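J.: Handing over final-v1.txt, compact mmCIF, C-alpha atoms.
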```
# COMPACT_ATOMS: atom_id res chain seq x y z
CA MET A 1245 24.90 27.40 -17.51
CA PHE A 1246 22.72 25.94 -20.24
CA VAL A 1247 19.08 24.89 -20.59
CA ASP A 1248 17.92 22.21 -22.98
CA SER A 1249 14.61 23.84 -23.84
CA HIS A 1250 13.23 20.90 -25.80
CA CYS A 1251 14.05 17.23 -25.27
CA HIS A 1252 12.06 14.01 -25.32
CA LEU A 1253 13.30 12.36 -22.15
CA ASP A 1254 10.75 9.56 -22.41
CA ARG A 1255 12.31 8.51 -25.73
CA LEU A 1256 15.94 8.09 -24.74
CA SER A 1257 17.76 5.70 -27.06
CA PRO A 1258 18.99 2.42 -25.52
CA ASP A 1259 22.31 3.28 -27.19
CA THR A 1260 22.62 6.41 -25.03
CA HIS A 1261 24.22 5.64 -21.67
CA GLY A 1262 22.70 2.17 -21.86
CA GLY A 1263 19.24 3.71 -21.94
CA ASP A 1264 19.75 5.04 -18.39
CA LEU A 1265 18.10 8.46 -18.20
CA SER A 1266 19.81 9.36 -14.92
CA ARG A 1267 23.20 8.79 -16.52
CA ALA A 1268 22.23 10.84 -19.56
CA LEU A 1269 21.10 13.73 -17.38
CA ASP A 1270 24.26 13.49 -15.27
CA ALA A 1271 26.35 13.69 -18.45
CA ALA A 1272 24.50 16.89 -19.37
CA ARG A 1273 24.90 18.35 -15.90
CA GLU A 1274 28.64 17.75 -16.11
CA ARG A 1275 28.70 20.03 -19.16
CA GLY A 1276 26.75 22.75 -17.35
CA VAL A 1277 23.20 21.94 -18.44
CA GLN A 1278 21.10 22.83 -15.41
CA GLN A 1279 17.51 22.60 -16.64
CA PHE A 1280 15.58 20.37 -19.02
CA LEU A 1281 12.14 20.89 -20.55
CA ALA A 1282 10.73 17.44 -21.35
CA ILE A 1283 8.25 17.75 -24.18
CA SER A 1284 4.97 15.92 -24.61
CA VAL A 1285 3.79 14.56 -27.96
CA THR A 1286 0.57 13.01 -26.64
CA LEU A 1287 -1.56 13.63 -23.57
CA ASP A 1288 -1.42 9.92 -22.75
CA GLY A 1289 2.34 10.28 -22.26
CA VAL A 1290 2.19 13.21 -19.86
CA PRO A 1291 1.97 11.05 -16.69
CA GLU A 1292 5.26 9.36 -17.64
CA LEU A 1293 6.87 12.76 -18.11
CA ALA A 1294 5.47 13.84 -14.75
CA ALA A 1295 7.11 10.81 -13.14
CA ILE A 1296 10.43 11.82 -14.70
CA ARG A 1297 9.96 15.33 -13.36
CA GLN A 1298 9.24 14.00 -9.88
CA ALA A 1299 12.46 11.96 -9.99
CA HIS A 1300 14.63 14.86 -11.21
CA ASP A 1301 14.31 18.31 -9.68
CA ASP A 1302 15.79 20.05 -12.72
CA VAL A 1303 13.23 18.65 -15.18
CA VAL A 1304 10.01 20.46 -16.10
CA ILE A 1305 7.40 19.28 -18.59
CA SER A 1306 4.86 20.33 -21.20
CA ALA A 1307 1.44 18.91 -22.12
CA GLY A 1308 0.13 18.60 -25.65
CA VAL A 1309 -0.38 16.56 -28.80
CA HIS A 1310 2.08 16.68 -31.70
CA PRO A 1311 0.52 17.73 -35.03
CA LEU A 1312 1.44 14.39 -36.63
CA HIS A 1313 0.35 12.17 -33.75
CA GLN A 1314 -2.67 10.09 -34.68
CA VAL A 1315 -5.31 9.83 -31.97
CA GLU A 1316 -8.71 8.18 -31.80
CA HIS A 1317 -10.08 11.06 -29.77
CA GLU A 1318 -9.08 14.68 -30.32
CA PRO A 1319 -8.78 16.34 -26.91
CA GLY A 1320 -10.74 19.51 -26.42
CA VAL A 1321 -9.47 22.69 -24.84
CA ALA A 1322 -10.80 21.65 -21.43
CA GLU A 1323 -8.98 18.30 -21.60
CA ILE A 1324 -5.67 19.94 -22.53
CA VAL A 1325 -6.11 22.46 -19.73
CA ALA A 1326 -6.99 19.76 -17.18
CA CYS A 1327 -3.99 17.61 -18.15
CA ALA A 1328 -1.59 20.53 -17.90
CA LYS A 1329 -2.96 21.52 -14.51
CA GLU A 1330 -3.00 18.02 -13.08
CA HIS A 1331 0.61 17.30 -13.99
CA GLY A 1332 2.14 20.71 -13.39
CA ALA A 1333 3.11 21.51 -16.98
CA VAL A 1334 4.99 24.77 -17.54
CA ALA A 1335 4.07 24.89 -21.24
CA ILE A 1336 1.53 23.66 -23.77
CA GLY A 1337 2.69 21.55 -26.70
CA GLU A 1338 4.32 20.60 -28.71
CA SER A 1339 1.63 21.50 -31.17
CA GLY A 1340 1.53 23.20 -34.53
CA LEU A 1341 1.42 22.35 -38.23
CA ASP A 1342 3.51 19.98 -40.34
CA TYR A 1343 2.73 19.76 -44.05
CA HIS A 1344 5.81 17.70 -44.90
CA TYR A 1345 3.88 14.55 -44.03
CA ASP A 1346 0.20 13.76 -44.58
CA SER A 1347 -0.44 11.28 -41.77
CA VAL A 1348 -2.83 13.80 -40.19
CA PRO A 1349 -4.97 15.92 -42.56
CA ALA A 1350 -4.20 19.63 -42.61
CA GLU A 1351 -7.69 20.59 -41.44
CA VAL A 1352 -7.35 18.31 -38.41
CA GLN A 1353 -3.97 19.86 -37.62
CA HIS A 1354 -5.51 23.35 -37.86
CA GLU A 1355 -8.25 22.52 -35.42
CA ARG A 1356 -5.84 20.78 -33.03
CA PHE A 1357 -3.39 23.68 -33.10
CA ALA A 1358 -6.18 26.19 -32.49
CA ARG A 1359 -7.33 24.25 -29.42
CA HIS A 1360 -3.78 24.16 -28.04
CA LEU A 1361 -3.38 27.88 -28.60
CA GLN A 1362 -6.68 28.48 -26.79
CA ALA A 1363 -5.59 26.25 -23.91
CA ALA A 1364 -2.29 28.12 -23.66
CA THR A 1365 -4.12 31.43 -23.55
CA GLU A 1366 -6.57 30.18 -20.92
CA LEU A 1367 -3.72 28.99 -18.69
CA SER A 1368 -1.32 31.86 -19.51
CA LEU A 1369 1.25 29.23 -20.44
CA PRO A 1370 3.60 29.60 -23.42
CA ILE A 1371 3.11 27.24 -26.33
CA VAL A 1372 5.83 25.13 -27.95
CA VAL A 1373 5.20 25.20 -31.70
CA HIS A 1374 6.27 22.64 -34.28
CA THR A 1375 6.07 24.12 -37.77
CA ARG A 1376 7.27 22.63 -41.04
CA GLU A 1377 6.37 23.83 -44.52
CA ALA A 1378 3.35 25.62 -43.03
CA ARG A 1379 4.59 29.15 -42.59
CA GLU A 1380 1.56 31.27 -43.42
CA ASP A 1381 -0.98 29.06 -41.67
CA THR A 1382 1.19 28.78 -38.55
CA LEU A 1383 1.56 32.54 -38.27
CA SER A 1384 -2.12 33.12 -39.08
CA LEU A 1385 -3.32 30.82 -36.29
CA ILE A 1386 -0.85 32.35 -33.84
CA ARG A 1387 -2.19 35.81 -34.69
CA GLN A 1388 -5.75 34.62 -34.23
CA TYR A 1389 -5.46 32.64 -31.00
CA SER A 1390 -2.21 33.42 -29.18
CA ASP A 1391 -1.84 35.94 -26.37
CA PRO A 1392 1.26 38.02 -27.26
CA GLU A 1393 1.80 38.70 -23.57
CA VAL A 1394 2.30 34.96 -23.06
CA GLY A 1395 3.78 33.97 -26.40
CA GLY A 1396 5.70 30.82 -27.08
CA VAL A 1397 8.54 29.38 -29.12
CA LEU A 1398 8.99 28.05 -32.62
CA HIS A 1399 11.04 25.03 -31.70
CA CYS A 1400 13.68 23.32 -33.85
CA PHE A 1401 13.39 26.26 -36.21
CA THR A 1402 14.13 25.42 -39.86
CA GLU A 1403 12.49 28.28 -41.73
CA ASP A 1404 14.02 31.53 -42.97
CA LEU A 1405 14.99 34.78 -41.29
CA GLU A 1406 11.82 36.53 -42.46
CA MET A 1407 9.59 34.03 -40.68
CA ALA A 1408 11.76 34.25 -37.57
CA ARG A 1409 11.33 38.02 -37.52
CA ASP A 1410 7.57 37.70 -38.04
CA ALA A 1411 7.37 35.31 -35.08
CA VAL A 1412 9.44 37.59 -32.87
CA ARG A 1413 7.07 40.45 -33.67
CA LEU A 1414 4.23 38.23 -32.47
CA GLY A 1415 5.96 37.75 -29.10
CA PHE A 1416 7.60 34.41 -29.89
CA TYR A 1417 11.09 33.07 -29.38
CA ILE A 1418 13.15 31.08 -31.87
CA SER A 1419 14.78 27.85 -30.72
CA LEU A 1420 17.73 26.39 -32.62
CA SER A 1421 18.63 22.73 -32.55
CA GLY A 1422 21.56 20.69 -33.82
CA ILE A 1423 20.42 21.38 -37.38
CA VAL A 1424 22.19 24.75 -37.15
CA THR A 1425 25.51 22.88 -37.11
CA PHE A 1426 24.80 20.93 -40.31
CA ARG A 1427 26.96 21.75 -43.33
CA THR A 1428 23.89 22.48 -45.49
CA ALA A 1429 22.22 24.82 -42.96
CA GLU A 1430 23.71 28.17 -43.97
CA ALA A 1431 20.28 29.84 -44.09
CA LEU A 1432 19.69 28.72 -40.52
CA ARG A 1433 23.06 30.06 -39.43
CA GLU A 1434 21.93 33.42 -40.81
CA VAL A 1435 19.02 33.17 -38.36
CA ALA A 1436 21.52 32.39 -35.59
CA ARG A 1437 23.48 35.51 -36.48
CA LYS A 1438 20.64 37.97 -37.00
CA VAL A 1439 17.79 37.13 -34.64
CA PRO A 1440 18.23 39.22 -31.47
CA LEU A 1441 20.08 37.18 -28.88
CA ASP A 1442 17.40 37.96 -26.31
CA ARG A 1443 14.92 36.02 -28.50
CA LEU A 1444 16.92 32.83 -28.98
CA LEU A 1445 16.65 29.50 -27.18
CA ILE A 1446 18.74 26.36 -27.63
CA GLU A 1447 17.57 22.76 -27.65
CA THR A 1448 18.51 19.23 -28.62
CA ASP A 1449 15.13 17.76 -29.60
CA SER A 1450 16.86 14.60 -28.40
CA PRO A 1451 16.96 11.77 -29.28
CA TYR A 1452 16.71 13.32 -32.74
CA LEU A 1453 18.97 15.61 -34.79
CA ALA A 1454 22.34 15.16 -33.12
CA PRO A 1455 24.63 18.12 -33.86
CA VAL A 1456 28.06 18.06 -35.42
CA PRO A 1457 30.35 16.36 -34.33
CA HIS A 1458 27.86 13.69 -33.20
CA ARG A 1459 25.93 13.19 -36.46
CA GLY A 1460 24.61 9.67 -36.89
CA LYS A 1461 24.24 9.03 -33.18
CA PRO A 1462 21.11 9.31 -31.02
CA ASN A 1463 21.02 12.82 -29.63
CA GLU A 1464 21.20 13.58 -25.90
CA PRO A 1465 20.76 16.67 -23.70
CA ALA A 1466 24.52 17.12 -23.09
CA TRP A 1467 24.94 18.10 -26.71
CA VAL A 1468 22.91 21.29 -26.37
CA VAL A 1469 26.29 22.82 -25.55
CA ASP A 1470 27.40 22.14 -29.14
CA VAL A 1471 24.39 24.08 -30.41
CA ALA A 1472 25.34 27.00 -28.16
CA GLN A 1473 28.93 26.87 -29.38
CA CYS A 1474 27.80 27.08 -33.01
CA ILE A 1475 25.68 30.15 -32.26
CA ALA A 1476 28.58 31.73 -30.40
CA ASP A 1477 30.92 31.11 -33.33
CA GLU A 1478 28.45 32.59 -35.80
CA ARG A 1479 27.89 35.70 -33.70
CA GLY A 1480 31.53 36.15 -32.72
CA ILE A 1481 30.80 36.06 -29.00
CA SER A 1482 31.66 33.70 -26.17
CA VAL A 1483 29.70 30.53 -25.54
CA GLU A 1484 29.30 31.76 -21.96
CA GLU A 1485 27.34 34.76 -23.23
CA VAL A 1486 25.11 32.53 -25.34
CA ALA A 1487 24.60 30.24 -22.37
CA MET A 1488 23.63 33.01 -19.97
CA GLN A 1489 21.36 34.86 -22.38
CA THR A 1490 19.50 31.78 -23.66
CA THR A 1491 19.06 30.58 -20.09
CA ALA A 1492 17.63 33.96 -19.09
CA ASN A 1493 15.37 33.85 -22.14
CA PHE A 1494 14.12 30.43 -21.10
CA TYR A 1495 13.02 31.65 -17.68
CA ARG A 1496 11.40 34.75 -19.13
CA LEU A 1497 9.36 32.64 -21.52
CA PHE A 1498 8.64 29.83 -19.04
CA PRO A 1499 8.28 31.63 -15.70
CA LYS A 1500 6.66 28.61 -14.04
CA ALA A 1501 9.95 26.75 -14.57
CA GLN A 1502 11.83 29.19 -12.34
CA PRO A 1503 11.03 27.50 -9.00
CA ALA A 1504 12.56 24.28 -10.37
CA ALA A 1505 15.84 25.98 -11.29
CA PRO A 1506 18.88 25.17 -9.11
CA GLU A 1507 19.54 27.83 -6.49
CA ASP A 1508 23.01 28.65 -7.83
CA LEU A 1509 21.55 29.20 -11.30
CA LYS A 1510 18.80 31.45 -10.00
CA GLN A 1511 21.33 33.49 -8.01
CA ALA A 1512 23.61 33.84 -11.02
CA LEU A 1513 20.70 35.07 -13.14
CA ARG A 1514 19.70 37.55 -10.43
CA ASP A 1515 23.27 38.79 -10.06
CA ALA A 1516 23.46 39.35 -13.83
CA GLY A 1517 20.14 41.22 -13.81
CA PHE A 1518 18.39 38.66 -16.02
CA VAL A 1519 15.63 37.85 -13.51
CA ASP A 1520 14.12 39.82 -10.66
CA GLN A 1521 15.59 39.72 -7.19
CA GLY A 1522 13.66 37.85 -4.55
```
What does the file become when written as structure tokens?

T.:
Amino acid sequence: MFVDSHCHLDRLSPDTHGGDLSRALDAARERGVQQFLAISVTLDGVPELAAIRQAHDDVVISAGVHPLHQVEHEPGVAEIVACAKEHGAVAIGESGLDYHYDSVPAEVQHERFARHLQAATELSLPIVVHTREAREDTLSLIRQYSDPEVGGVLHCFTEDLEMARDAVRLGFYISLSGIVTFRTAEALREVARKVPLDRLLIETDSPYLAPVPHRGKPNEPAWVVDVAQCIADERGISVEEVAMQTTANFYRLFPKAQPAAPEDLKQALRDAGFVDQG
């Protein structure tokens, strides 16, 4: 039982199952992926994600504006909150800071991230954080605006173990993508080995960052299993244990996603003591 905790289902490559999202999701389900969190990069795109959610019972969505997305109008906290409410988002984001590119000035990113953190706190929804080459500022804004009782996730994590531990202390989870399988990603595999298993999530970030052995192809949700297998290999445990624990972690972090979970998955999590009975 796996959850793809971060995928861009509205950006499926035409080279993936002929661009047929239903076929791509079926391929993932056949590998045991039972829940998908479809991530927003702009508020204008949230209605399309909501339509995908309505067509697929095992899809849930977020609402937010990516730090590098250029907009004519910066949405305020009230607009982010209203969009999330209207479309039934279970998370805010993805938002955050990315200093690798300069398409959006750093000060604009700061203000945008702060508004998303405030919206997440107002709604008691976890936030999905994109952070790249912005360690200190990311953690500083989280400390200032995030509710540790709600928390969030640093998605597609590419920083070091020290930052991961700092984020965990702030109530955040660490999500690993296909990058962890890359030959050059030894530092990230250290994160996979040493971050507590009850603070890890797995994701594809599809259609980007396909894991080994699929490098060079558009990524798809089915391949989240390869991410889980890499973590299992690094930790010396079974992929089934990684699957169950990361799935339980997902529902702890995103409690509003629980009603959308398949009944057999919810029962398995209850039987294993990962979620409350009832």

J.: Please indicate the distance in Å from CA of His1261 (chain A) to CA of Glu1464 (chain A), rounded to one decimal place.

T.: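 According to the coordinates, CA of His1261 (chain A) and CA of Glu1464 (chain A) are separated by 9.5 Å.
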
J.: Name all residues at most 6 Å from region 1435-1437 of chain A (count only C-alpha atoms; drop same-chain ones fewer than 5 positions away) and give them as a PyMOL selection string.

T.: chain A and resi 1405+1475+1478-1479

J.: Would you pick out the contacts of region 1371-1379 of chain A at 7 Å or less, using all atoms listed in the file, so that residues sharing its chain but fewer than 4 positions from it are not included, and give the list as a CSV table (one decimal) with C-alpha atoms, keeping the file's coordinate frame?

T.:
```
chain,number,residue,atom,x,y,z
A,1335,ALA,CA,4.1,24.9,-21.2
A,1336,ILE,CA,1.5,23.7,-23.8
A,1337,GLY,CA,2.7,21.6,-26.7
A,1338,GLU,CA,4.3,20.6,-28.7
A,1339,SER,CA,1.6,21.5,-31.2
A,1340,GLY,CA,1.5,23.2,-34.5
A,1341,LEU,CA,1.4,22.4,-38.2
A,1342,ASP,CA,3.5,20.0,-40.3
A,1343,TYR,CA,2.7,19.8,-44.0
A,1344,HIS,CA,5.8,17.7,-44.9
A,1361,LEU,CA,-3.4,27.9,-28.6
A,1364,ALA,CA,-2.3,28.1,-23.7
A,1383,LEU,CA,1.6,32.5,-38.3
A,1395,GLY,CA,3.8,34.0,-26.4
A,1396,GLY,CA,5.7,30.8,-27.1
A,1397,VAL,CA,8.5,29.4,-29.1
A,1398,LEU,CA,9.0,28.0,-32.6
A,1399,HIS,CA,11.0,25.0,-31.7
```

J.: Name the residues in contact with Asp1508 (chain A) at a cut-off of 10 Å, using only C-alpha atoms, excluding same-chain residues fewer than 6 positions from it; report them as an NGL selection string.

T.: :A and (1245 or 1278 or 1514)

J.: Taking only C-alpha atoms into account, produce a table as JSON lines in which each residue of region 1256-1309 of chain A with an atom at most 10 Å from an atom of region 1323-1329 of chain A appears once, together with its shortest atom pair and the distance in Å to one decimal, ordered by chain and rising number.

T.:
```
{"residue": "A:Leu1287", "atom": "CA", "partner": "A:Cys1327", "partner_atom": "CA", "distance": 7.1}
{"residue": "A:Asp1288", "atom": "CA", "partner": "A:Cys1327", "partner_atom": "CA", "distance": 9.3}
{"residue": "A:Val1290", "atom": "CA", "partner": "A:Cys1327", "partner_atom": "CA", "distance": 7.8}
{"residue": "A:Pro1291", "atom": "CA", "partner": "A:Cys1327", "partner_atom": "CA", "distance": 9.0}
{"residue": "A:Ile1305", "atom": "CA", "partner": "A:Ala1328", "partner_atom": "CA", "distance": 9.1}
{"residue": "A:Ser1306", "atom": "CA", "partner": "A:Ala1328", "partner_atom": "CA", "distance": 7.2}
{"residue": "A:Ala1307", "atom": "CA", "partner": "A:Ala1328", "partner_atom": "CA", "distance": 5.4}
{"residue": "A:Gly1308", "atom": "CA", "partner": "A:Ile1324", "partner_atom": "CA", "distance": 6.7}
{"residue": "A:Val1309", "atom": "CA", "partner": "A:Ile1324", "partner_atom": "CA", "distance": 8.9}
```

J.: To one decimal place in Å, what is the distance between CA of Ile1423 (chain A) and CA of Arg1267 (chain A)?

T.: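 Distance reported for this atom pair: 24.5 Å.
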
J.: How many Å lie between CA of Val1247 (chain A) and CA of Gln1279 (chain A), rounded to one decimal?

T.: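 Straight-line distance from CA of Val1247 (chain A) to CA of Gln1279 (chain A) works out to 4.8 Å.
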
J.: Leaving out Glu1274 (chain A) and any residue of its chain fewer than 2 positions from it, which residues lie within 12 Å of it when counting all atoms listed in the file, given as a tab-separated table (two decimals) with C-alpha atoms, in the coordinates of the input?

T.:
```tsv
chain	number	residue	atom	x	y	z
A	1245	MET	CA	24.90	27.40	-17.51
A	1246	PHE	CA	22.72	25.94	-20.24
A	1267	ARG	CA	23.20	8.79	-16.52
A	1268	ALA	CA	22.23	10.84	-19.56
A	1269	LEU	CA	21.10	13.73	-17.38
A	1270	ASP	CA	24.26	13.49	-15.27
A	1271	ALA	CA	26.35	13.69	-18.45
A	1272	ALA	CA	24.50	16.89	-19.37
A	1276	GLY	CA	26.75	22.75	-17.35
A	1277	VAL	CA	23.20	21.94	-18.44
A	1278	GLN	CA	21.10	22.83	-15.41
A	1465	PRO	CA	20.76	16.67	-23.70
A	1466	ALA	CA	24.52	17.12	-23.09
A	1467	TRP	CA	24.94	18.10	-26.71
A	1469	VAL	CA	26.29	22.82	-25.55
```

J.: Identify which of the residues A:Leu1312, A:Leu1367, A:Val1394, A:Ala1504 lies closest to Pro1349 (chain A), counting only C-alpha atoms when measuring atom-to-atom distances.

T.: A:Leu1312

J.: Enumerate, as number ranges by chain, the protein, DNA and RNA residues whose atoms approach (19.4, 15.5, -31.0) to within 10 Å, taking into account all atoms listed in the file and the coordinate frame of the file.

T.: A: 1250-1252, 1421-1423, 1447-1455, 1458-1468, 1471

J.: Using only C-alpha atoms, which of A:Ser1347, A:Ser1419, A:Gln1473, A:Ser1284 sits nearest Val1486 (chain A)?

T.: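 Smallest separation from Val1486 (chain A) among the options: A:Gln1473.
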
J.: Just want the 7 Å neighbourhood of Ala1505 (chain A), counted on all atoms listed in the file, with same-chain residues fewer than 3 positions away dropped. Output as a list in words.

T.: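 Answer for this query is Gln1279, Asp1302, Ala1501, Gln1502, Leu1509 and Lys1510 of chain A.
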
J.: Restricted to C-alpha atoms, what would the selected residues look like written as a compact mmCIF listing (two decimals), keeping the file's coordinate frame?

T.:
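File produced: out37.txt:
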```txt
# COMPACT_ATOMS: atom_id res chain seq x y z
CA GLN A 1279 17.51 22.60 -16.64
CA ASP A 1302 15.79 20.05 -12.72
CA ALA A 1501 9.95 26.75 -14.57
CA GLN A 1502 11.83 29.19 -12.34
CA LEU A 1509 21.55 29.20 -11.30
CA LYS A 1510 18.80 31.45 -10.00
```

J.: Give as number ranges by chain every residue, naming chains and numbers as the document does, that has an atom within 6 Å of (29.9, 21.7, -34.2), counting all atoms listed in the file.

T.: A: 1425, 1456-1457, 1470, 1474

J.: Would you mind telling me which residue in A:Asp1301, A:Asp1404, A:Asp1410, A:Asp1248 lies nearest to Arg1275 (chain A) when using only C-alpha atoms?

T.: A:Asp1248

J.: Which residue gives the smallest distance to Gln1362 (chain A) among A:Ala1472, A:Leu1256, A:Val1304, A:Ile1386, with all atoms listed in the file counted?

T.: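 Residue with the minimum atom-to-atom distance to Gln1362 (chain A): A:Ile1386.
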
J.: Pick the closest to Val1303 (chain A) from A:His1354, A:Lys1500, A:Lys1438, A:Arg1359: which is it, counting all atoms listed in the file?

T.: A:Lys1500

J.: Compare A:Asp1391, A:Glu1485, A:Asp1477, A:Asp1264 by their minimum atom-to-atom distance to Asp1442 (chain A), counting all atoms listed in the file, and give me the closest one.

T.: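 Closest to Asp1442 (chain A) of all the choices is A:Glu1485.
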
J.: Could you add the missing atoms to region 1380-1394 of chain A, up to N, CA, C and O atoms, and return them as a PDB file, keeping the file's coordinate frame?

T.:
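Saved as selection-v6.pdb:
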```pdb
ATOM      1  N   GLU A1380       2.640  30.287 -43.492  1.00  0.00           N
ATOM      2  CA  GLU A1380       1.560  31.270 -43.420  1.00  0.00           C
ATOM      3  C   GLU A1380       0.445  30.814 -42.485  1.00  0.00           C
ATOM      4  O   GLU A1380      -0.096  31.619 -41.710  1.00  0.00           O
ATOM      5  N   ASP A1381       0.085  29.547 -42.539  1.00  0.00           N
ATOM      6  CA  ASP A1381      -0.980  29.060 -41.670  1.00  0.00           C
ATOM      7  C   ASP A1381      -0.565  29.079 -40.208  1.00  0.00           C
ATOM      8  O   ASP A1381      -1.374  29.388 -39.323  1.00  0.00           O
ATOM      9  N   THR A1382       0.699  28.743 -39.933  1.00  0.00           N
ATOM     10  CA  THR A1382       1.190  28.780 -38.550  1.00  0.00           C
ATOM     11  C   THR A1382       1.082  30.192 -37.993  1.00  0.00           C
ATOM     12  O   THR A1382       0.539  30.415 -36.897  1.00  0.00           O
ATOM     13  N   LEU A1383       1.592  31.165 -38.738  1.00  0.00           N
ATOM     14  CA  LEU A1383       1.560  32.540 -38.270  1.00  0.00           C
ATOM     15  C   LEU A1383       0.135  33.072 -38.164  1.00  0.00           C
ATOM     16  O   LEU A1383      -0.205  33.806 -37.229  1.00  0.00           O
ATOM     17  N   SER A1384      -0.728  32.658 -39.103  1.00  0.00           N
ATOM     18  CA  SER A1384      -2.120  33.120 -39.080  1.00  0.00           C
ATOM     19  C   SER A1384      -2.838  32.628 -37.825  1.00  0.00           C
ATOM     20  O   SER A1384      -3.555  33.404 -37.165  1.00  0.00           O
ATOM     21  N   LEU A1385      -2.659  31.357 -37.477  1.00  0.00           N
ATOM     22  CA  LEU A1385      -3.320  30.820 -36.290  1.00  0.00           C
ATOM     23  C   LEU A1385      -2.754  31.431 -35.016  1.00  0.00           C
ATOM     24  O   LEU A1385      -3.487  31.678 -34.050  1.00  0.00           O
ATOM     25  N   ILE A1386      -1.446  31.679 -34.998  1.00  0.00           N
ATOM     26  CA  ILE A1386      -0.850  32.350 -33.840  1.00  0.00           C
ATOM     27  C   ILE A1386      -1.467  33.736 -33.669  1.00  0.00           C
ATOM     28  O   ILE A1386      -1.837  34.139 -32.557  1.00  0.00           O
ATOM     29  N   ARG A1387      -1.593  34.470 -34.776  1.00  0.00           N
ATOM     30  CA  ARG A1387      -2.190  35.810 -34.690  1.00  0.00           C
ATOM     31  C   ARG A1387      -3.622  35.740 -34.174  1.00  0.00           C
ATOM     32  O   ARG A1387      -4.064  36.603 -33.414  1.00  0.00           O
ATOM     33  N   GLN A1388      -4.339  34.707 -34.588  1.00  0.00           N
ATOM     34  CA  GLN A1388      -5.750  34.620 -34.230  1.00  0.00           C
ATOM     35  C   GLN A1388      -5.980  34.189 -32.787  1.00  0.00           C
ATOM     36  O   GLN A1388      -6.891  34.702 -32.122  1.00  0.00           O
ATOM     37  N   TYR A1389      -5.144  33.276 -32.281  1.00  0.00           N
ATOM     38  CA  TYR A1389      -5.460  32.640 -31.000  1.00  0.00           C
ATOM     39  C   TYR A1389      -4.447  32.858 -29.889  1.00  0.00           C
ATOM     40  O   TYR A1389      -4.752  32.599 -28.726  1.00  0.00           O
ATOM     41  N   SER A1390      -3.238  33.315 -30.211  1.00  0.00           N
ATOM     42  CA  SER A1390      -2.210  33.420 -29.180  1.00  0.00           C
ATOM     43  C   SER A1390      -2.296  34.747 -28.438  1.00  0.00           C
ATOM     44  O   SER A1390      -2.650  35.780 -29.028  1.00  0.00           O
ATOM     45  N   ASP A1391      -1.955  34.719 -27.171  1.00  0.00           N
ATOM     46  CA  ASP A1391      -1.840  35.940 -26.370  1.00  0.00           C
ATOM     47  C   ASP A1391      -0.390  36.416 -26.467  1.00  0.00           C
ATOM     48  O   ASP A1391       0.520  35.746 -25.971  1.00  0.00           O
ATOM     49  N   PRO A1392      -0.125  37.570 -27.098  1.00  0.00           N
ATOM     50  CA  PRO A1392       1.260  38.020 -27.260  1.00  0.00           C
ATOM     51  C   PRO A1392       1.963  38.301 -25.948  1.00  0.00           C
ATOM     52  O   PRO A1392       3.199  38.323 -25.898  1.00  0.00           O
ATOM     53  N   GLU A1393       1.187  38.495 -24.878  1.00  0.00           N
ATOM     54  CA  GLU A1393       1.800  38.700 -23.570  1.00  0.00           C
ATOM     55  C   GLU A1393       2.332  37.398 -22.985  1.00  0.00           C
ATOM     56  O   GLU A1393       3.145  37.410 -22.062  1.00  0.00           O
ATOM     57  N   VAL A1394       1.860  36.274 -23.514  1.00  0.00           N
ATOM     58  CA  VAL A1394       2.300  34.960 -23.060  1.00  0.00           C
ATOM     59  C   VAL A1394       3.293  34.359 -24.061  1.00  0.00           C
ATOM     60  O   VAL A1394       4.370  33.901 -23.715  1.00  0.00           O
TER      61      VAL A1394
END
```
